[in-house]
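Structure data follow from upload_13.pdb (PDB, C-alpha atoms and all ligand atoms):
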ATOM      1  CA  MET A  39     -27.096  20.244   0.874  1.00  0.00           C
ATOM      2  CA  ARG A  40     -24.139  19.769  -1.455  1.00  0.00           C
ATOM      3  CA  PRO A  41     -23.735  16.054  -2.311  1.00  0.00           C
ATOM      4  CA  ARG A  42     -20.588  14.403  -1.012  1.00  0.00           C
ATOM      5  CA  ARG A  43     -17.993  13.779  -3.707  1.00  0.00           C
ATOM      6  CA  ALA A  44     -18.794  10.057  -3.885  1.00  0.00           C
ATOM      7  CA  GLU A  45     -22.473  10.786  -4.491  1.00  0.00           C
ATOM      8  CA  ARG A  46     -22.146  13.352  -7.300  1.00  0.00           C
ATOM      9  CA  SER A  47     -23.443  12.082 -10.620  1.00  0.00           C
ATOM     10  CA  LEU A  48     -20.924  11.148 -13.295  1.00  0.00           C
ATOM     11  CA  PRO A  49     -20.876  12.457 -16.863  1.00  0.00           C
ATOM     12  CA  PRO A  50     -23.084  10.119 -18.976  1.00  0.00           C
ATOM     13  CA  ASP A  51     -20.119   8.519 -20.775  1.00  0.00           C
ATOM     14  CA  MET A  52     -18.487   7.608 -17.455  1.00  0.00           C
ATOM     15  CA  ALA A  53     -21.542   6.059 -15.842  1.00  0.00           C
ATOM     16  CA  GLY A  54     -21.865   2.291 -15.654  1.00  0.00           C
ATOM     17  CA  MET A  55     -18.375   1.478 -16.912  1.00  0.00           C
ATOM     18  CA  LYS A  56     -17.073  -2.042 -17.131  1.00  0.00           C
ATOM     19  CA  ILE A  57     -14.066  -2.085 -14.818  1.00  0.00           C
ATOM     20  CA  LEU A  58     -11.639  -4.983 -14.742  1.00  0.00           C
ATOM     21  CA  PHE A  59      -9.613  -5.458 -11.579  1.00  0.00           C
ATOM     22  CA  VAL A  60      -6.480  -7.524 -12.019  1.00  0.00           C
ATOM     23  CA  GLY A  61      -6.515  -8.645  -8.396  1.00  0.00           C
ATOM     24  CA  GLY A  62      -9.565  -7.241  -6.677  1.00  0.00           C
ATOM     25  CA  THR A  63     -10.082  -8.972  -3.376  1.00  0.00           C
ATOM     26  CA  GLY A  64      -6.934  -7.622  -1.738  1.00  0.00           C
ATOM     27  CA  ASN A  65      -6.205  -5.049   0.917  1.00  0.00           C
ATOM     28  CA  ILE A  66      -6.621  -1.983  -1.288  1.00  0.00           C
ATOM     29  CA  SER A  67      -8.346  -3.455  -4.310  1.00  0.00           C
ATOM     30  CA  ALA A  68     -11.334  -4.903  -2.425  1.00  0.00           C
ATOM     31  CA  GLU A  69     -12.186  -1.474  -1.012  1.00  0.00           C
ATOM     32  CA  CYS A  70     -11.770   0.202  -4.417  1.00  0.00           C
ATOM     33  CA  ALA A  71     -13.967  -2.422  -6.080  1.00  0.00           C
ATOM     34  CA  ALA A  72     -16.657  -1.989  -3.429  1.00  0.00           C
ATOM     35  CA  LEU A  73     -16.703   1.796  -3.883  1.00  0.00           C
ATOM     36  CA  LEU A  74     -16.855   1.610  -7.679  1.00  0.00           C
ATOM     37  CA  HIS A  75     -19.598  -1.006  -7.503  1.00  0.00           C
ATOM     38  CA  GLN A  76     -21.538   1.222  -5.143  1.00  0.00           C
ATOM     39  CA  ARG A  77     -21.185   4.008  -7.725  1.00  0.00           C
ATOM     40  CA  GLY A  78     -22.908   1.865 -10.311  1.00  0.00           C
ATOM     41  CA  HIS A  79     -20.033   0.378 -12.287  1.00  0.00           C
ATOM     42  CA  GLU A  80     -19.829  -3.203 -13.432  1.00  0.00           C
ATOM     43  CA  ILE A  81     -16.978  -4.923 -11.606  1.00  0.00           C
ATOM     44  CA  ILE A  82     -14.994  -7.792 -13.035  1.00  0.00           C
ATOM     45  CA  VAL A  83     -12.384  -9.384 -10.782  1.00  0.00           C
ATOM     46  CA  LEU A  84      -9.581 -11.482 -12.158  1.00  0.00           C
ATOM     47  CA  SER A  85      -7.989 -13.539  -9.392  1.00  0.00           C
ATOM     48  CA  ARG A  86      -7.039 -17.103  -8.563  1.00  0.00           C
ATOM     49  CA  GLY A  87     -10.251 -17.478  -6.578  1.00  0.00           C
ATOM     50  CA  ARG A  88      -8.528 -18.105  -3.239  1.00  0.00           C
ATOM     51  CA  SER A  89     -10.460 -15.264  -1.627  1.00  0.00           C
ATOM     52  CA  ALA A  90     -14.198 -15.019  -2.188  1.00  0.00           C
ATOM     53  CA  VAL A  91     -15.354 -12.590  -4.865  1.00  0.00           C
ATOM     54  CA  PRO A  92     -18.668 -10.855  -4.027  1.00  0.00           C
ATOM     55  CA  SER A  93     -21.524 -12.418  -6.002  1.00  0.00           C
ATOM     56  CA  SER A  94     -22.526  -9.040  -7.443  1.00  0.00           C
ATOM     57  CA  TYR A  95     -19.229  -8.927  -9.375  1.00  0.00           C
ATOM     58  CA  ARG A  96     -18.200 -11.049 -12.322  1.00  0.00           C
ATOM     59  CA  ALA A  97     -15.380 -13.353 -11.219  1.00  0.00           C
ATOM     60  CA  ILE A  98     -12.782 -14.588 -13.655  1.00  0.00           C
ATOM     61  CA  GLN A  99     -10.231 -17.122 -12.482  1.00  0.00           C
ATOM     62  CA  ALA A 100      -6.699 -17.239 -13.785  1.00  0.00           C
ATOM     63  CA  ASP A 101      -3.175 -17.054 -12.468  1.00  0.00           C
ATOM     64  CA  ARG A 102      -1.835 -13.720 -13.612  1.00  0.00           C
ATOM     65  CA  LYS A 103       1.624 -15.223 -13.960  1.00  0.00           C
ATOM     66  CA  ASP A 104       0.383 -17.731 -16.530  1.00  0.00           C
ATOM     67  CA  GLY A 105       0.224 -15.682 -19.728  1.00  0.00           C
ATOM     68  CA  ALA A 106      -1.724 -18.280 -21.737  1.00  0.00           C
ATOM     69  CA  ALA A 107      -4.290 -18.726 -18.965  1.00  0.00           C
ATOM     70  CA  LEU A 108      -4.667 -14.962 -18.627  1.00  0.00           C
ATOM     71  CA  ARG A 109      -5.222 -14.519 -22.353  1.00  0.00           C
ATOM     72  CA  ALA A 110      -7.793 -17.337 -22.443  1.00  0.00           C
ATOM     73  CA  ALA A 111      -9.638 -16.070 -19.353  1.00  0.00           C
ATOM     74  CA  LEU A 112      -9.914 -12.535 -20.745  1.00  0.00           C
ATOM     75  CA  LYS A 113     -11.047 -13.534 -24.215  1.00  0.00           C
ATOM     76  CA  GLY A 114     -14.202 -11.610 -25.092  1.00  0.00           C
ATOM     77  CA  VAL A 115     -14.127  -9.557 -21.870  1.00  0.00           C
ATOM     78  CA  LYS A 116     -14.142  -6.012 -23.141  1.00  0.00           C
ATOM     79  CA  PRO A 117     -13.481  -3.712 -20.180  1.00  0.00           C
ATOM     80  CA  ASP A 118     -13.641   0.073 -20.442  1.00  0.00           C
ATOM     81  CA  VAL A 119     -11.044   0.438 -17.719  1.00  0.00           C
ATOM     82  CA  VAL A 120      -8.394  -1.895 -16.295  1.00  0.00           C
ATOM     83  CA  LEU A 121      -7.031  -1.454 -12.785  1.00  0.00           C
ATOM     84  CA  ASN A 122      -3.893  -3.512 -12.410  1.00  0.00           C
ATOM     85  CA  PHE A 123      -3.205  -4.287  -8.765  1.00  0.00           C
ATOM     86  CA  LEU A 124      -0.874  -7.126  -9.671  1.00  0.00           C
ATOM     87  CA  GLY A 125       1.989  -5.525 -11.552  1.00  0.00           C
ATOM     88  CA  TYR A 126       5.327  -6.494 -10.084  1.00  0.00           C
ATOM     89  CA  GLU A 127       7.326  -7.639 -13.099  1.00  0.00           C
ATOM     90  CA  LEU A 128       7.985  -5.928 -16.403  1.00  0.00           C
ATOM     91  CA  ALA A 129       6.749  -8.980 -18.320  1.00  0.00           C
ATOM     92  CA  GLU A 130       3.353  -8.627 -16.625  1.00  0.00           C
ATOM     93  CA  VAL A 131       2.750  -5.066 -17.770  1.00  0.00           C
ATOM     94  CA  GLN A 132       4.123  -5.903 -21.206  1.00  0.00           C
ATOM     95  CA  LEU A 133       1.479  -8.605 -21.545  1.00  0.00           C
ATOM     96  CA  ASP A 134      -1.183  -6.176 -20.309  1.00  0.00           C
ATOM     97  CA  TYR A 135      -0.118  -3.724 -23.005  1.00  0.00           C
ATOM     98  CA  GLU A 136      -0.489  -6.412 -25.624  1.00  0.00           C
ATOM     99  CA  LEU A 137      -3.950  -7.273 -24.326  1.00  0.00           C
ATOM    100  CA  PHE A 138      -5.315  -3.798 -23.686  1.00  0.00           C
ATOM    101  CA  ASN A 139      -3.579  -1.299 -25.968  1.00  0.00           C
ATOM    102  CA  GLY A 140      -6.208   0.228 -28.262  1.00  0.00           C
ATOM    103  CA  ALA A 141      -8.938  -1.651 -26.398  1.00  0.00           C
ATOM    104  CA  VAL A 142      -9.510   0.299 -23.164  1.00  0.00           C
ATOM    105  CA  ARG A 143     -10.210   3.887 -22.198  1.00  0.00           C
ATOM    106  CA  GLN A 144      -7.877   3.810 -19.230  1.00  0.00           C
ATOM    107  CA  TYR A 145      -5.288   1.461 -17.756  1.00  0.00           C
ATOM    108  CA  VAL A 146      -4.322   2.183 -14.176  1.00  0.00           C
ATOM    109  CA  PHE A 147      -1.061   0.772 -12.879  1.00  0.00           C
ATOM    110  CA  ILE A 148      -0.953   0.477  -9.112  1.00  0.00           C
ATOM    111  CA  SER A 149       2.604   1.303  -8.187  1.00  0.00           C
ATOM    112  CA  SER A 150       3.834   2.438  -4.772  1.00  0.00           C
ATOM    113  CA  THR A 151       5.568   5.294  -2.977  1.00  0.00           C
ATOM    114  CA  VAL A 152       8.493   2.887  -2.523  1.00  0.00           C
ATOM    115  CA  VAL A 153       9.662   4.130  -5.952  1.00  0.00           C
ATOM    116  CA  TYR A 154      10.920   7.436  -4.515  1.00  0.00           C
ATOM    117  CA  THR A 155      14.581   7.850  -3.578  1.00  0.00           C
ATOM    118  CA  ARG A 156      15.399   7.017   0.031  1.00  0.00           C
ATOM    119  CA  PRO A 157      15.954   8.679   2.378  1.00  0.00           C
ATOM    120  CA  PRO A 158      13.497  11.290   1.066  1.00  0.00           C
ATOM    121  CA  GLN A 159      15.076  14.637   0.162  1.00  0.00           C
ATOM    122  CA  ARG A 160      11.981  16.445   1.424  1.00  0.00           C
ATOM    123  CA  LEU A 161       8.884  15.524   3.371  1.00  0.00           C
ATOM    124  CA  PRO A 162       6.058  15.186   2.725  1.00  0.00           C
ATOM    125  CA  LEU A 163       6.717  13.227  -0.466  1.00  0.00           C
ATOM    126  CA  THR A 164       5.005  14.667  -3.532  1.00  0.00           C
ATOM    127  CA  GLU A 165       4.756  13.386  -7.093  1.00  0.00           C
ATOM    128  CA  GLU A 166       7.651  15.693  -7.970  1.00  0.00           C
ATOM    129  CA  ALA A 167      10.028  13.789  -5.692  1.00  0.00           C
ATOM    130  CA  PRO A 168      12.840  12.000  -7.549  1.00  0.00           C
ATOM    131  CA  VAL A 169      12.345   8.330  -8.291  1.00  0.00           C
ATOM    132  CA  GLY A 170      14.994   5.629  -7.760  1.00  0.00           C
ATOM    133  CA  ASN A 171      15.029   3.626  -4.555  1.00  0.00           C
ATOM    134  CA  PRO A 172      18.305   1.693  -4.529  1.00  0.00           C
ATOM    135  CA  PHE A 173      17.468  -0.414  -1.462  1.00  0.00           C
ATOM    136  CA  TRP A 174      14.717  -2.743  -2.645  1.00  0.00           C
ATOM    137  CA  ASP A 175      14.282  -4.731  -5.846  1.00  0.00           C
ATOM    138  CA  TYR A 176      10.488  -4.527  -5.394  1.00  0.00           C
ATOM    139  CA  ALA A 177      10.826  -0.750  -5.788  1.00  0.00           C
ATOM    140  CA  GLN A 178      13.187  -1.029  -8.738  1.00  0.00           C
ATOM    141  CA  LYS A 179      10.788  -3.362 -10.547  1.00  0.00           C
ATOM    142  CA  LYS A 180       7.909  -0.962  -9.943  1.00  0.00           C
ATOM    143  CA  VAL A 181      10.021   1.844 -11.436  1.00  0.00           C
ATOM    144  CA  ALA A 182      10.850  -0.339 -14.444  1.00  0.00           C
ATOM    145  CA  CYS A 183       7.129  -1.070 -14.986  1.00  0.00           C
ATOM    146  CA  GLU A 184       6.205   2.605 -14.608  1.00  0.00           C
ATOM    147  CA  GLN A 185       8.873   3.789 -17.023  1.00  0.00           C
ATOM    148  CA  TRP A 186       8.060   1.173 -19.620  1.00  0.00           C
ATOM    149  CA  LEU A 187       4.361   2.084 -19.471  1.00  0.00           C
ATOM    150  CA  LEU A 188       5.105   5.817 -19.689  1.00  0.00           C
ATOM    151  CA  GLY A 189       7.230   5.046 -22.739  1.00  0.00           C
ATOM    152  CA  ARG A 190       4.224   3.343 -24.372  1.00  0.00           C
ATOM    153  CA  ARG A 191       2.049   6.321 -23.484  1.00  0.00           C
ATOM    154  CA  ALA A 192       4.493   8.677 -25.208  1.00  0.00           C
ATOM    155  CA  GLU A 193       4.937   6.365 -28.173  1.00  0.00           C
ATOM    156  CA  THR A 194       1.413   5.095 -28.861  1.00  0.00           C
ATOM    157  CA  GLY A 195      -0.880   7.082 -26.586  1.00  0.00           C
ATOM    158  CA  PHE A 196      -1.536   4.069 -24.343  1.00  0.00           C
ATOM    159  CA  PRO A 197      -3.896   5.603 -21.746  1.00  0.00           C
ATOM    160  CA  VAL A 198      -1.910   4.722 -18.647  1.00  0.00           C
ATOM    161  CA  THR A 199      -2.307   6.361 -15.243  1.00  0.00           C
ATOM    162  CA  LEU A 200       0.137   5.621 -12.441  1.00  0.00           C
ATOM    163  CA  VAL A 201      -1.106   5.474  -8.867  1.00  0.00           C
ATOM    164  CA  ARG A 202       1.420   5.308  -6.041  1.00  0.00           C
ATOM    165  CA  PRO A 203      -0.320   4.362  -2.811  1.00  0.00           C
ATOM    166  CA  SER A 204       1.553   5.037   0.390  1.00  0.00           C
ATOM    167  CA  HIS A 205       0.441   3.831   3.787  1.00  0.00           C
ATOM    168  CA  THR A 206      -2.735   1.879   3.198  1.00  0.00           C
ATOM    169  CA  TYR A 207      -5.262   0.088   5.337  1.00  0.00           C
ATOM    170  CA  SER A 208      -8.497  -1.769   5.021  1.00  0.00           C
ATOM    171  CA  ARG A 209     -11.045  -3.232   7.393  1.00  0.00           C
ATOM    172  CA  ARG A 210      -8.843  -6.307   7.781  1.00  0.00           C
ATOM    173  CA  TRP A 211      -5.259  -5.088   7.626  1.00  0.00           C
ATOM    174  CA  VAL A 212      -3.097  -2.120   8.613  1.00  0.00           C
ATOM    175  CA  PRO A 213       0.327  -2.809   7.156  1.00  0.00           C
ATOM    176  CA  ASN A 214       3.159  -1.418   9.245  1.00  0.00           C
ATOM    177  CA  GLY A 215       6.741  -2.308   9.871  1.00  0.00           C
ATOM    178  CA  VAL A 216       6.176  -3.522  13.418  1.00  0.00           C
ATOM    179  CA  SER A 217       2.970  -5.515  13.754  1.00  0.00           C
ATOM    180  CA  SER A 218       1.944  -6.167  10.166  1.00  0.00           C
ATOM    181  CA  GLY A 219      -1.578  -7.464   9.905  1.00  0.00           C
ATOM    182  CA  SER A 220      -2.703  -6.187  13.279  1.00  0.00           C
ATOM    183  CA  TYR A 221      -4.532  -3.103  14.465  1.00  0.00           C
ATOM    184  CA  THR A 222      -2.436  -2.959  17.661  1.00  0.00           C
ATOM    185  CA  PHE A 223      -0.103  -0.333  16.241  1.00  0.00           C
ATOM    186  CA  ALA A 224      -2.976   1.945  15.192  1.00  0.00           C
ATOM    187  CA  ALA A 225      -4.769   1.414  18.500  1.00  0.00           C
ATOM    188  CA  ARG A 226      -1.643   2.423  20.461  1.00  0.00           C
ATOM    189  CA  LEU A 227      -1.238   5.565  18.324  1.00  0.00           C
ATOM    190  CA  GLU A 228      -4.883   6.420  18.918  1.00  0.00           C
ATOM    191  CA  GLN A 229      -4.396   6.076  22.662  1.00  0.00           C
ATOM    192  CA  GLY A 230      -1.258   8.202  22.620  1.00  0.00           C
ATOM    193  CA  LYS A 231       0.887   5.252  23.724  1.00  0.00           C
ATOM    194  CA  PRO A 232       4.489   4.835  22.553  1.00  0.00           C
ATOM    195  CA  VAL A 233       5.162   2.628  19.534  1.00  0.00           C
ATOM    196  CA  PHE A 234       8.305   1.040  18.173  1.00  0.00           C
ATOM    197  CA  VAL A 235       9.752   2.534  14.980  1.00  0.00           C
ATOM    198  CA  HIS A 236      12.767   1.074  13.334  1.00  0.00           C
ATOM    199  CA  ASP A 237      15.400   3.107  11.509  1.00  0.00           C
ATOM    200  CA  ASP A 238      14.646   6.763  12.299  1.00  0.00           C
ATOM    201  CA  GLY A 239      11.057   6.433  11.227  1.00  0.00           C
ATOM    202  CA  LYS A 240      11.955   6.990   7.565  1.00  0.00           C
ATOM    203  CA  ALA A 241      12.555   3.315   6.815  1.00  0.00           C
ATOM    204  CA  ARG A 242      14.847   3.108   3.817  1.00  0.00           C
ATOM    205  CA  GLY A 243      13.048   0.418   1.852  1.00  0.00           C
ATOM    206  CA  ARG A 244       9.582   1.817   2.303  1.00  0.00           C
TER     207      ARG A 244
HETATM  208  N1  LIG B   1      -0.913  -2.864   0.613  1.00  0.00           N
HETATM  209  C1  LIG B   1      -0.130  -1.795   0.652  1.00  0.00           C
HETATM  210  O1  LIG B   1       0.159  -1.242   1.695  1.00  0.00           O
HETATM  211  C2  LIG B   1       0.394  -1.220  -0.656  1.00  0.00           C
HETATM  212  C3  LIG B   1       1.097  -0.017  -0.619  1.00  0.00           C
HETATM  213  C4  LIG B   1       1.538   0.518  -1.817  1.00  0.00           C
HETATM  214  C5  LIG B   1       1.307  -0.144  -3.004  1.00  0.00           C
HETATM  215  N2  LIG B   1       0.636  -1.328  -3.018  1.00  0.00           N
HETATM  216  C6  LIG B   1       0.393  -2.007  -4.285  1.00  0.00           C
HETATM  217  O2  LIG B   1      -0.961  -2.432  -4.323  1.00  0.00           O
HETATM  218  C7  LIG B   1      -1.051  -3.644  -5.040  1.00  0.00           C
HETATM  219  C8  LIG B   1      -1.652  -4.707  -4.168  1.00  0.00           C
HETATM  220  O3  LIG B   1      -2.990  -4.369  -3.921  1.00  0.00           O
HETATM  221  P1  LIG B   1      -3.790  -5.061  -2.749  1.00  0.00           P
HETATM  222  O4  LIG B   1      -3.145  -4.679  -1.464  1.00  0.00           O
HETATM  223  O5  LIG B   1      -5.222  -4.777  -2.943  1.00  0.00           O
HETATM  224  O6  LIG B   1      -3.488  -6.602  -3.089  1.00  0.00           O
HETATM  225  P2  LIG B   1      -3.278  -7.849  -2.178  1.00  0.00           P
HETATM  226  O7  LIG B   1      -3.847  -7.602  -0.814  1.00  0.00           O
HETATM  227  O8  LIG B   1      -1.873  -8.266  -2.364  1.00  0.00           O
HETATM  228  O9  LIG B   1      -4.260  -8.891  -2.922  1.00  0.00           O
HETATM  229  C9  LIG B   1      -3.888  -9.547  -4.073  1.00  0.00           C
HETATM  230  C10 LIG B   1      -5.111  -9.756  -4.988  1.00  0.00           C
HETATM  231  O10 LIG B   1      -4.705 -10.377  -6.202  1.00  0.00           O
HETATM  232  C11 LIG B   1      -5.142 -11.741  -6.285  1.00  0.00           C
HETATM  233  N3  LIG B   1      -3.942 -12.491  -6.720  1.00  0.00           N
HETATM  234  C12 LIG B   1      -2.758 -12.672  -6.050  1.00  0.00           C
HETATM  235  N4  LIG B   1      -1.887 -13.343  -6.816  1.00  0.00           N
HETATM  236  C13 LIG B   1      -2.534 -13.595  -7.990  1.00  0.00           C
HETATM  237  C14 LIG B   1      -2.145 -14.237  -9.189  1.00  0.00           C
HETATM  238  N5  LIG B   1      -0.928 -14.786  -9.339  1.00  0.00           N
HETATM  239  N6  LIG B   1      -3.035 -14.295 -10.200  1.00  0.00           N
HETATM  240  C15 LIG B   1      -4.266 -13.770 -10.088  1.00  0.00           C
HETATM  241  N7  LIG B   1      -4.698 -13.144  -8.972  1.00  0.00           N
HETATM  242  C16 LIG B   1      -3.836 -13.066  -7.929  1.00  0.00           C
HETATM  243  C17 LIG B   1      -5.654 -12.079  -4.893  1.00  0.00           C
HETATM  244  O11 LIG B   1      -6.736 -12.985  -4.922  1.00  0.00           O
HETATM  245  P3  LIG B   1      -6.478 -14.591  -4.949  1.00  0.00           P
HETATM  246  O12 LIG B   1      -5.564 -14.878  -3.794  1.00  0.00           O
HETATM  247  O13 LIG B   1      -7.860 -15.177  -4.807  1.00  0.00           O
HETATM  248  O14 LIG B   1      -5.845 -14.889  -6.258  1.00  0.00           O
HETATM  249  C18 LIG B   1      -6.160 -10.694  -4.447  1.00  0.00           C
HETATM  250  O15 LIG B   1      -7.381 -10.378  -5.096  1.00  0.00           O
HETATM  251  C19 LIG B   1       0.358  -4.020  -5.451  1.00  0.00           C
HETATM  252  O16 LIG B   1       0.571  -3.612  -6.779  1.00  0.00           O
HETATM  253  C20 LIG B   1       1.218  -3.256  -4.462  1.00  0.00           C
HETATM  254  O17 LIG B   1       2.482  -2.982  -4.985  1.00  0.00           O
HETATM  255  C21 LIG B   1       0.167  -1.870  -1.850  1.00  0.00           C
END

Write the structure described by the file as structure tokens, please.
Ligand SMILES: NC(=O)c1ccc[n+]([C@@H]2O[C@H](COP(=O)([O-])OP(=O)(O)OC[C@H]3O[C@@H](n4cnc5c(N)ncnc54)[C@H](OP(=O)(O)O)[C@@H]3O)[C@@H](O)[C@H]2O)c1
Amino acid sequence: MRPRRAERSLPPDMAGMKILFVGGTGNISAECAALLHQRGHEIIVLSRGRSAVPSSYRAIQADRKDGAALRAALKGVKPDVVLNFLGYELAEVQLDYELFNGAVRQYVFISSTVVYTRPPQRLPLTEEAPVGNPFWDYAQKKVACEQWLLGRRAETGFPVTLVRPSHTYSRRWVPNGVSSGSYTFAARLEQGKPVFVHDDGKARGR
């Protein structure tokens, strides 16, 4: 039987990588960390320690907004890959660049589909869709971070990859515009029951 994608073996130089999660116990990041750990990678989670970090990971505590604390906490930690789930301000990714440029094989910036222009010109949204959401400063800051990082990639070869998650869920949370935090919305959809949608279902901000 053909192995499922998750079970296929990795090329030798990609096995057992040291992967630093900036954030790592959140809605998306916790699931990503669990999968990568299951695949045999070493997981390091940088967080404030408010949510428990699984004991099989290395936990590093620091407030990401405190540059000096972040620098001190990451001293000597030499990750192969950084997954930044906590990039909301330009200054944050600029500090990451300072810390990781020339030091990591890949830096992944978790952005969002909120960056695309609203209302969408065409659905479904693809990576070719134009960027520039004028309705939400969260989106504009994500765009600023993305563009700055892409500039560094062009200029210095900084190995950045952008990921723009869309509608996400985990075992604990299904974000939605109506009953955030609850599975009621999903359960009603599953049962074919009507649900509330604001706007015309193409909410401008999101
Ligand atoms: N959720 C969605 O639907 C969605 C959709 C699109 C894009 N995104 C993007 O995904 C990312 C969020 O990922 P997520 O949903 O996994 O995260 P999340 O649920 O917001 O969790 C935040 C994580 O970061 C830690 N954290 C929060 N503030 C911190 C700080 N100041 N310093 C250090 N650690 C801190 C938290 O642990 P502690 O509390 O213990 O510190 C936790 O591990 C964001 O970049 C967001 O823009 C999310």

Could you build a table of the residues in range 65-138 of chain A lying no more than 9 Å from range 195-211 of chain A, giving for each the nearest pair of atoms and their separation in Å rounded to one decimal place, using only C-alpha atoms, ordered by chain and ascending residue number, as a Markdown table?
| residue | atom | partner | partner_atom | distance |
| --- | --- | --- | --- | --- |
| A:Asn65 | CA | A:Ser208 | CA | 5.7 |
| A:Ile66 | CA | A:Ser208 | CA | 6.6 |
| A:Ala68 | CA | A:Ser208 | CA | 8.6 |
| A:Glu69 | CA | A:Ser208 | CA | 7.1 |
| A:Tyr135 | CA | A:Phe196 | CA | 8.0 |
| A:Phe138 | CA | A:Phe196 | CA | 8.8 |

From A:Thr151, A:Ser67, A:Asn214, A:Thr164, residue lying nearest Glu184 in chain A [all atoms listed in the file]: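 Comparing A:Thr151, A:Ser67, A:Asn214, A:Thr164 against Glu184 in chain A, the winner is A:Thr151.
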
Output check: residues returned by the PyMOL selection byres (((not hetatm)) within 8 of (chain B and resi 1)), as a PyMOL selection string: chain A and resi 60-69+83-91+99-104+122-126+147-152+180+202-207+212-213

Selection as a VMD selection string: residues within 12 Å of (11.8, -1.7, -8.1), counting all atoms listed in the file: chain A and resid 125 to 128 149 to 155 169 to 185 243 to 244

Computed interatomic separation between CA of Ala129 in chain A and CA of Leu73 in chain A (Å):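 So the two atoms, CA of Ala129 in chain A and CA of Leu73 in chain A, lie 29.6 Å apart.
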
Counting all atoms listed in the file, the residue of A:Lys116, A:Leu188, A:Ala71, A:Ala111 that sits nearest Pro92 in chain A: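 Once distances to Pro92 in chain A are computed over all atoms listed in the file, the minimum belongs to A:Ala71.
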
Between CA of Gly219 in chain A and CA of Val233 in chain A - distance in Å to one decimal: 15.5 Å

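Between CA of Ile82 in chain A and CA of Trp186 in chain A the interatomic distance comes to 25.6 Å.
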
Counting only C-alpha atoms, select every polymer residue within 9 Å of (-3.4, -7.9, -18.9) as defined in the file's coordinates, and provide the selection as a short mmCIF file (atom, residue, chain, number, x, y, z; two decimals) with C-alpha atoms, in the frame of the given file.
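The result, stored in part.cif:
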data_model
loop_
_atom_site.label_atom_id
_atom_site.label_comp_id
_atom_site.auth_asym_id
_atom_site.auth_seq_id
_atom_site.Cartn_x
_atom_site.Cartn_y
_atom_site.Cartn_z
CA VAL A 60 -6.48 -7.52 -12.02
CA ARG A 102 -1.84 -13.72 -13.61
CA GLY A 105 0.22 -15.68 -19.73
CA LEU A 108 -4.67 -14.96 -18.63
CA ARG A 109 -5.22 -14.52 -22.35
CA LEU A 112 -9.91 -12.54 -20.74
CA VAL A 120 -8.39 -1.90 -16.30
CA ASN A 122 -3.89 -3.51 -12.41
CA GLU A 130 3.35 -8.63 -16.62
CA VAL A 131 2.75 -5.07 -17.77
CA GLN A 132 4.12 -5.90 -21.21
CA LEU A 133 1.48 -8.60 -21.54
CA ASP A 134 -1.18 -6.18 -20.31
CA TYR A 135 -0.12 -3.72 -23.00
CA GLU A 136 -0.49 -6.41 -25.62
CA LEU A 137 -3.95 -7.27 -24.33
CA PHE A 138 -5.32 -3.80 -23.69
#

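Using only C-alpha atoms for every distance, the candidate list A:Val216, A:Tyr221, A:Arg143, A:Arg160 yields A:Val216 as the residue closest to Val235 in chain A.
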